[in-house]
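Peer 1: Please find one structure pasted underneath; my questions will follow.
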Amino acid sequence: MSFFANLFKFGSQNMAIDLGTANTLVYVQDQGIILNEPSVVAIETINGIKRVKAVGDDAKMMMGKTPDTIEAIRPLRDGVIADIEIAEEMIKHFIRKVHGKRNLFRYPEIVICVPSGSTSVEKRAIRDAASNAGASEVHLILEPMAAAIGADMPVTEPVGSMVVDIGGGTTEVAVLSLRGLAYTTSVRTGGDKMDEAIVSYVRRHHNLLIGDATAERIKKDYGIAVTPEDGAGETITLKGRDLVNGVPKEITINQSHVAEALSEPIGAIVEGVRIALENTAPELAADIVDQGIVLTGGGALIARLDEHLREETGLPVSIAEDPLTCVAIGTGRAMEDPIYRGVLMTA
């Protein structure tokens with residue numbers, strides 16, 4: 001049996017997958033990141049039979065615009081699998097896309113990162129989804145550890161360092177030392193909660209209903225953690241449905257309104273960092289004063305978030321070189337580099 005397993009593994013490309021709530025990135029051994037697509041699957045129902053219509057970029061474009069027969073689903077919620085069957089289809093699709101049709105019989109080793117707060121049931125669900133999608137071996141790595149490795153932090157040394165990974169569904173706050181997590185907390189607040197905060201702010205203050213895609217665009221283009229110095233900032237034009245008259249309408253808001261809308265989710269992230277600092281051992285806390293806090297994940301791109309965190313904690317705060325791909329790069333390095341092999345787990 002092992003002979004056949006090795007035969008199938010021969011020529012297969014080992015992969016590291018950052019299975020995110022918003023985006024899935026695939027890192028292939030010796031090649032780097034070769035796939036970065038939204039974690040969205042469009043399911044079409046014909047005569048009661050469901051089939052996958054589109055995955056990734058194509059499915060994301062359908063969100064909020066589908067007829068009754070098609071449903072665009074995000075199989076991950078808050079960083080964990082909410083719909084195991086659809087997540088499996090999505091992983092299969094991405095593996096096929098990376099491997100190509102001709103390599104269907106090649107079984108790669110796969111490393112997948114999971115949030116630090118995942119339960120054993122959630123970890124098993126991720127492992128089963130990858131196994132059913134054709135992996136010969138599945139290893140897991142905790143998201144903050146992967147983010148720290150991707151951000152070139154000294155995780156293998158006896159030095160305390162702190163990473164804050166702001167993803168789509170969760171924010172992972174961790175203190176790392178000697179290939180392990182000395183303290184970790186997972187805040188169920190991330191990019192999705194920021195989008196929801198913008199939608200609810202516009203509905204409450206302007207009686208206008210906007211979609212998630214519009215809210216996400218506002219967050220990416222105009223999101224700011226503190227009120228702009230001039231009190232207003234840039235002006236933003238929004239289109240949506242008027243809740244009073246029921247007709248499409250256009251309104252104008254500014255960046256200070258966006259900062260106000262984002263104050264609650266950003267406050268939850270700051271609180272998570274404070275709790276982690278309170279629970280850190282004194283020697284590690286002394287190291288963090290020198291090393292500072294490193295921000296990774298898409299949420300790190302919110303303007304002036306590092307500045308806001310610096311004011312709130314009094315510690316140096318920096319943003320990783322490429323926050324969006326940090327976790328995927330770190331997961332890939334953990335797979336390739338024997339130094340980091342000790343951080344991998346089996347579910």
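By order of appearance in the structure tokens: chains A, B, ..., then residues from 1 within every chain, and ligands from 1 in the order shown.
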Using backbone DSSP assignments, extract all strand (DSSP E) residues from range 196-262 of chain A; output them as a ChimeraX atom specification.

Peer 2: /A:208-209,235-242,248-254

Peer 1: When you look at range 155-162 of chain A with a cut-off of 8 Å (counting only C-alpha atoms), what residues show up, excluding the ones that are within fewer than 4 positions of it in the same chain? I need them as a list in words.

Peer 2: Met145, Ala148, Ile149, Val173, Ala174, Val175, Leu176, Ser177, Leu178, Arg179, Gly180, Glu283, Leu284, Ala285, Asp287, Ile288, Gln291, Gly292, Ile293, Val294, Ile339 and Tyr340 of chain A

Peer 1: Just checking: using only C-alpha atoms, which residue out of A:Ala259, A:Ala135, A:Ile210, A:His93 ends up closest to Gly233 in chain A?

Peer 2: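 Selected residue with least distance to Gly233 in chain A: A:Ala259.
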
Peer 1: Among range 128-336 of chain A, which residues does DSSP mark as helix (DSSP H, G or I) when it is run on the backbone? Keep the chain and numbering as in the structure and answer as JSON, numbers by chain.

Peer 2: {"A": [128, 129, 130, 131, 132, 143, 144, 145, 146, 147, 148, 149, 150, 191, 192, 193, 194, 195, 196, 197, 198, 199, 200, 201, 202, 203, 204, 205, 206, 212, 213, 214, 215, 216, 217, 218, 219, 220, 221, 222, 255, 256, 257, 258, 259, 260, 261, 262, 263, 264, 265, 266, 267, 268, 269, 270, 271, 272, 273, 274, 275, 276, 277, 278, 282, 283, 284, 285, 286, 287, 288, 289, 290, 291, 298, 299, 300, 301, 305, 306, 307, 308, 309, 310, 311, 312, 313, 326, 327, 328, 329, 330, 331, 332, 333, 334, 335, 336]}

Peer 1: With only C-alpha atoms as the counted atoms, please give the residues lying no more than 10 Å from Ile218 in chain A, apart from itself and same-chain residues fewer than 5 positions off, as a VMD selection string.

Peer 2: chain A and resid 195 198 212 to 213 223 236 to 238 255 258

Peer 1: Those same residues - N, CA, C and O atoms - I'd like them written as a CSV table (one decimal), in the first residue's frame.

Peer 2:
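As written to disk, part-v1.csv reads:
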```
chain,number,residue,atom,x,y,z
A,195,ASP,N,-17.5,45.4,7.5
A,195,ASP,CA,-18.5,45.6,6.4
A,195,ASP,C,-19.9,45.8,6.9
A,195,ASP,O,-20.6,46.7,6.6
A,198,ILE,N,-20.5,49.1,8.5
A,198,ILE,CA,-20.7,50.2,7.5
A,198,ILE,C,-22.1,50.1,7.0
A,198,ILE,O,-22.8,51.2,6.9
A,212,ASP,N,-23.2,44.2,0.6
A,212,ASP,CA,-21.9,43.9,1.3
A,212,ASP,C,-20.8,44.3,0.4
A,212,ASP,O,-19.7,44.7,0.8
A,213,ALA,N,-20.9,44.1,-1.0
A,213,ALA,CA,-19.9,44.4,-1.9
A,213,ALA,C,-19.5,45.9,-1.9
A,213,ALA,O,-18.4,46.4,-1.9
A,223,GLY,N,-11.5,53.3,4.3
A,223,GLY,CA,-11.5,52.9,5.7
A,223,GLY,C,-10.4,53.6,6.4
A,223,GLY,O,-9.3,53.6,6.0
A,236,ILE,N,-17.4,60.5,-0.2
A,236,ILE,CA,-17.7,59.2,-0.9
A,236,ILE,C,-19.1,59.2,-1.3
A,236,ILE,O,-20.0,59.6,-0.6
A,237,THR,N,-19.3,58.8,-2.6
A,237,THR,CA,-20.7,58.7,-3.1
A,237,THR,C,-21.2,57.3,-3.1
A,237,THR,O,-20.5,56.4,-3.5
A,238,LEU,N,-22.4,57.1,-2.5
A,238,LEU,CA,-22.9,55.7,-2.3
A,238,LEU,C,-24.2,55.6,-3.1
A,238,LEU,O,-25.1,56.5,-3.1
A,255,GLN,N,-15.2,60.5,5.1
A,255,GLN,CA,-14.3,59.5,5.8
A,255,GLN,C,-14.6,59.6,7.3
A,255,GLN,O,-14.4,58.5,8.0
A,258,VAL,N,-17.1,57.1,8.1
A,258,VAL,CA,-16.6,55.7,8.0
A,258,VAL,C,-15.8,55.4,9.3
A,258,VAL,O,-16.0,54.3,9.8
```

Peer 1: Mind giving me the straight-line distance from CA of Ala16 in chain A to CA of Thr331 in chain A in Å, one decimal?

Peer 2: 5.7 Å

Peer 1: Please identify all polymer residues within 8 Å of Gln13 in chain A, counting only C-alpha atoms, omitting same-chain residues fewer than 4 positions from it, and present them as a list in words.

Peer 2: Val28, Gln29, His99, Pro108 and Glu109 of chain A

Peer 1: Using only C-alpha atoms, which protein or nucleic acid residues come within 10 Å of Glu307 in chain A? Drop anything in the same chain fewer than 3 positions from it, and give the result as a list in words.

Peer 2: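 Everything that qualifies: Ala225, Val226, Ala303, Arg304, Arg310, Glu311, Glu312, Pro316, Val317 and Ser318 of chain A.
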
Peer 1: Skipping near chain neighbours, those fewer than 6 positions away, what residues fall within 8 Å of Thr235 in chain A using only C-alpha atoms, listed as an NGL selection string?

Peer 2: :A and (252-255)

Peer 1: I need the chosen residues saved as a PDB file, in the first residue's frame, with N, CA, C and O atoms.

Peer 2:
```pdb
ATOM      1  N   THR A 252     -24.140  61.119  -0.273  1.00  0.00           N
ATOM      2  CA  THR A 252     -22.714  61.415  -0.095  1.00  0.00           C
ATOM      3  C   THR A 252     -22.385  61.389   1.394  1.00  0.00           C
ATOM      4  O   THR A 252     -23.101  61.984   2.203  1.00  0.00           O
ATOM      5  N   ILE A 253     -21.307  60.666   1.725  1.00  0.00           N
ATOM      6  CA  ILE A 253     -20.808  60.683   3.110  1.00  0.00           C
ATOM      7  C   ILE A 253     -19.312  61.012   3.049  1.00  0.00           C
ATOM      8  O   ILE A 253     -18.748  61.118   1.955  1.00  0.00           O
ATOM      9  N   ASN A 254     -18.664  61.154   4.205  1.00  0.00           N
ATOM     10  CA  ASN A 254     -17.216  61.411   4.181  1.00  0.00           C
ATOM     11  C   ASN A 254     -16.476  60.416   5.081  1.00  0.00           C
ATOM     12  O   ASN A 254     -17.098  59.588   5.756  1.00  0.00           O
ATOM     13  N   GLN A 255     -15.160  60.515   5.099  1.00  0.00           N
ATOM     14  CA  GLN A 255     -14.339  59.535   5.827  1.00  0.00           C
ATOM     15  C   GLN A 255     -14.555  59.558   7.332  1.00  0.00           C
ATOM     16  O   GLN A 255     -14.390  58.529   7.987  1.00  0.00           O
TER      17      GLN A 255
END
```

Peer 1: Can you list every residue of range 230-286 of chain A that has an atom at most 12 Å from range 187-192 of chain A, with its nearest atom pair and the distance in Å to one decimal, using only C-alpha atoms, ordered by chain then number, as JSON lines?

Peer 2:
```
{"residue": "A:Leu262", "atom": "CA", "partner": "A:Gly191", "partner_atom": "CA", "distance": 10.2}
{"residue": "A:Glu264", "atom": "CA", "partner": "A:Thr189", "partner_atom": "CA", "distance": 9.8}
{"residue": "A:Pro265", "atom": "CA", "partner": "A:Thr189", "partner_atom": "CA", "distance": 6.3}
{"residue": "A:Ile266", "atom": "CA", "partner": "A:Thr189", "partner_atom": "CA", "distance": 8.4}
{"residue": "A:Gly267", "atom": "CA", "partner": "A:Thr189", "partner_atom": "CA", "distance": 9.9}
{"residue": "A:Ala268", "atom": "CA", "partner": "A:Thr189", "partner_atom": "CA", "distance": 7.0}
{"residue": "A:Ile269", "atom": "CA", "partner": "A:Val187", "partner_atom": "CA", "distance": 6.9}
{"residue": "A:Val270", "atom": "CA", "partner": "A:Val187", "partner_atom": "CA", "distance": 10.0}
{"residue": "A:Glu271", "atom": "CA", "partner": "A:Val187", "partner_atom": "CA", "distance": 9.1}
{"residue": "A:Gly272", "atom": "CA", "partner": "A:Val187", "partner_atom": "CA", "distance": 6.3}
{"residue": "A:Val273", "atom": "CA", "partner": "A:Val187", "partner_atom": "CA", "distance": 9.4}
{"residue": "A:Arg274", "atom": "CA", "partner": "A:Val187", "partner_atom": "CA", "distance": 11.8}
{"residue": "A:Ile275", "atom": "CA", "partner": "A:Val187", "partner_atom": "CA", "distance": 10.6}
{"residue": "A:Ala276", "atom": "CA", "partner": "A:Val187", "partner_atom": "CA", "distance": 10.8}
```

Peer 1: Pick from A:Pro228, A:Gly297, A:Gly169, A:Gly48: nearest to Leu324 in chain A, with only C-alpha atoms counted?

Peer 2: A:Gly297

Peer 1: What lies within 12 Å of Ser118 in chain A using only C-alpha atoms, ignoring chain neighbours under 4 positions off, as a VMD selection string?

Peer 2: chain A and resid 77 to 81 113 to 114 122 to 126 140 to 143 170 172 184 to 188 347

Peer 1: Pull N, CA and C atoms from the residues just selected and write them as a PDB file, in the first residue's frame.

Peer 2:
```pdb
ATOM      1  N   ARG A  77     -17.151  30.746   7.995  1.00  0.00           N
ATOM      2  CA  ARG A  77     -17.659  31.863   8.791  1.00  0.00           C
ATOM      3  C   ARG A  77     -16.764  31.989  10.015  1.00  0.00           C
ATOM      4  N   ASP A  78     -16.348  33.188  10.327  1.00  0.00           N
ATOM      5  CA  ASP A  78     -15.487  33.420  11.499  1.00  0.00           C
ATOM      6  C   ASP A  78     -14.254  32.533  11.499  1.00  0.00           C
ATOM      7  N   GLY A  79     -13.697  32.317  10.305  1.00  0.00           N
ATOM      8  CA  GLY A  79     -12.437  31.572  10.196  1.00  0.00           C
ATOM      9  C   GLY A  79     -12.565  30.064  10.260  1.00  0.00           C
ATOM     10  N   VAL A  80     -13.783  29.547  10.484  1.00  0.00           N
ATOM     11  CA  VAL A  80     -13.952  28.084  10.536  1.00  0.00           C
ATOM     12  C   VAL A  80     -15.005  27.646   9.513  1.00  0.00           C
ATOM     13  N   ILE A  81     -14.950  26.333   9.175  1.00  0.00           N
ATOM     14  CA  ILE A  81     -15.862  25.816   8.153  1.00  0.00           C
ATOM     15  C   ILE A  81     -17.288  25.767   8.685  1.00  0.00           C
ATOM     16  N   CYS A 113      -3.775  26.298   7.397  1.00  0.00           N
ATOM     17  CA  CYS A 113      -3.733  27.040   8.653  1.00  0.00           C
ATOM     18  C   CYS A 113      -5.143  27.187   9.227  1.00  0.00           C
ATOM     19  N   VAL A 114      -5.225  27.133  10.554  1.00  0.00           N
ATOM     20  CA  VAL A 114      -6.513  27.216  11.248  1.00  0.00           C
ATOM     21  C   VAL A 114      -6.429  28.287  12.337  1.00  0.00           C
ATOM     22  N   GLU A 122     -13.750  21.376  14.749  1.00  0.00           N
ATOM     23  CA  GLU A 122     -13.518  22.262  13.600  1.00  0.00           C
ATOM     24  C   GLU A 122     -12.232  21.889  12.868  1.00  0.00           C
ATOM     25  N   LYS A 123     -11.192  21.521  13.648  1.00  0.00           N
ATOM     26  CA  LYS A 123      -9.924  21.110  13.021  1.00  0.00           C
ATOM     27  C   LYS A 123     -10.116  19.832  12.214  1.00  0.00           C
ATOM     28  N   ARG A 124     -10.903  18.896  12.782  1.00  0.00           N
ATOM     29  CA  ARG A 124     -11.150  17.641  12.083  1.00  0.00           C
ATOM     30  C   ARG A 124     -11.934  17.885  10.796  1.00  0.00           C
ATOM     31  N   ALA A 125     -12.866  18.829  10.838  1.00  0.00           N
ATOM     32  CA  ALA A 125     -13.663  19.147   9.645  1.00  0.00           C
ATOM     33  C   ALA A 125     -12.757  19.655   8.520  1.00  0.00           C
ATOM     34  N   ILE A 126     -11.780  20.498   8.865  1.00  0.00           N
ATOM     35  CA  ILE A 126     -10.843  21.023   7.871  1.00  0.00           C
ATOM     36  C   ILE A 126      -9.969  19.894   7.319  1.00  0.00           C
ATOM     37  N   LEU A 140      -1.755  20.717  10.079  1.00  0.00           N
ATOM     38  CA  LEU A 140      -2.368  22.005  10.402  1.00  0.00           C
ATOM     39  C   LEU A 140      -1.329  22.902  11.070  1.00  0.00           C
ATOM     40  N   ILE A 141      -1.511  24.193  10.879  1.00  0.00           N
ATOM     41  CA  ILE A 141      -0.656  25.175  11.563  1.00  0.00           C
ATOM     42  C   ILE A 141      -1.572  26.282  12.075  1.00  0.00           C
ATOM     43  N   LEU A 142      -1.281  26.786  13.266  1.00  0.00           N
ATOM     44  CA  LEU A 142      -2.117  27.854  13.825  1.00  0.00           C
ATOM     45  C   LEU A 142      -1.842  29.166  13.091  1.00  0.00           C
ATOM     46  N   GLU A 143      -2.933  29.881  12.817  1.00  0.00           N
ATOM     47  CA  GLU A 143      -2.851  31.098  11.997  1.00  0.00           C
ATOM     48  C   GLU A 143      -1.860  32.144  12.510  1.00  0.00           C
ATOM     49  N   THR A 170     -11.936  36.548  11.774  1.00  0.00           N
ATOM     50  CA  THR A 170     -11.395  36.644  13.136  1.00  0.00           C
ATOM     51  C   THR A 170     -10.131  37.496  13.176  1.00  0.00           C
ATOM     52  N   GLU A 172      -6.649  37.338  15.220  1.00  0.00           N
ATOM     53  CA  GLU A 172      -5.845  36.478  16.089  1.00  0.00           C
ATOM     54  C   GLU A 172      -4.763  37.333  16.743  1.00  0.00           C
ATOM     55  N   THR A 184      -2.525  33.201  23.485  1.00  0.00           N
ATOM     56  CA  THR A 184      -3.258  33.543  22.262  1.00  0.00           C
ATOM     57  C   THR A 184      -4.718  33.795  22.587  1.00  0.00           C
ATOM     58  N   THR A 185      -5.296  34.720  21.875  1.00  0.00           N
ATOM     59  CA  THR A 185      -6.737  34.960  21.994  1.00  0.00           C
ATOM     60  C   THR A 185      -7.284  35.230  20.602  1.00  0.00           C
ATOM     61  N   SER A 186      -8.496  34.752  20.371  1.00  0.00           N
ATOM     62  CA  SER A 186      -9.119  34.915  19.056  1.00  0.00           C
ATOM     63  C   SER A 186     -10.360  35.784  19.221  1.00  0.00           C
ATOM     64  N   VAL A 187     -10.363  36.942  18.571  1.00  0.00           N
ATOM     65  CA  VAL A 187     -11.508  37.860  18.659  1.00  0.00           C
ATOM     66  C   VAL A 187     -12.347  37.653  17.400  1.00  0.00           C
ATOM     67  N   ARG A 188     -13.625  37.353  17.568  1.00  0.00           N
ATOM     68  CA  ARG A 188     -14.467  37.075  16.390  1.00  0.00           C
ATOM     69  C   ARG A 188     -14.905  38.390  15.733  1.00  0.00           C
ATOM     70  N   ALA A 347      -4.463  16.921  12.982  1.00  0.00           N
ATOM     71  CA  ALA A 347      -5.768  17.116  13.656  1.00  0.00           C
ATOM     72  C   ALA A 347      -6.165  15.847  14.394  1.00  0.00           C
TER      73      ALA A 347
END
```

Peer 1: For Ala130 in chain A, which residue among A:Glu321, A:Glu89, A:Asp152, A:Asp242 is the nearest when counting only C-alpha atoms?

Peer 2: A:Glu89

Peer 1: Could you tell me how far CA of Ala151 in chain A sits from CA of Gly332 in chain A, in Å to one decimal place?

Peer 2: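 Rounded to one decimal, the two atoms are 12.4 Å apart.
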
Peer 1: May I ask for the distance between CA of Ala72 in chain A and CA of Lys97 in chain A, given in Å to one decimal place?

Peer 2: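 So the answer is 19.7 Å.
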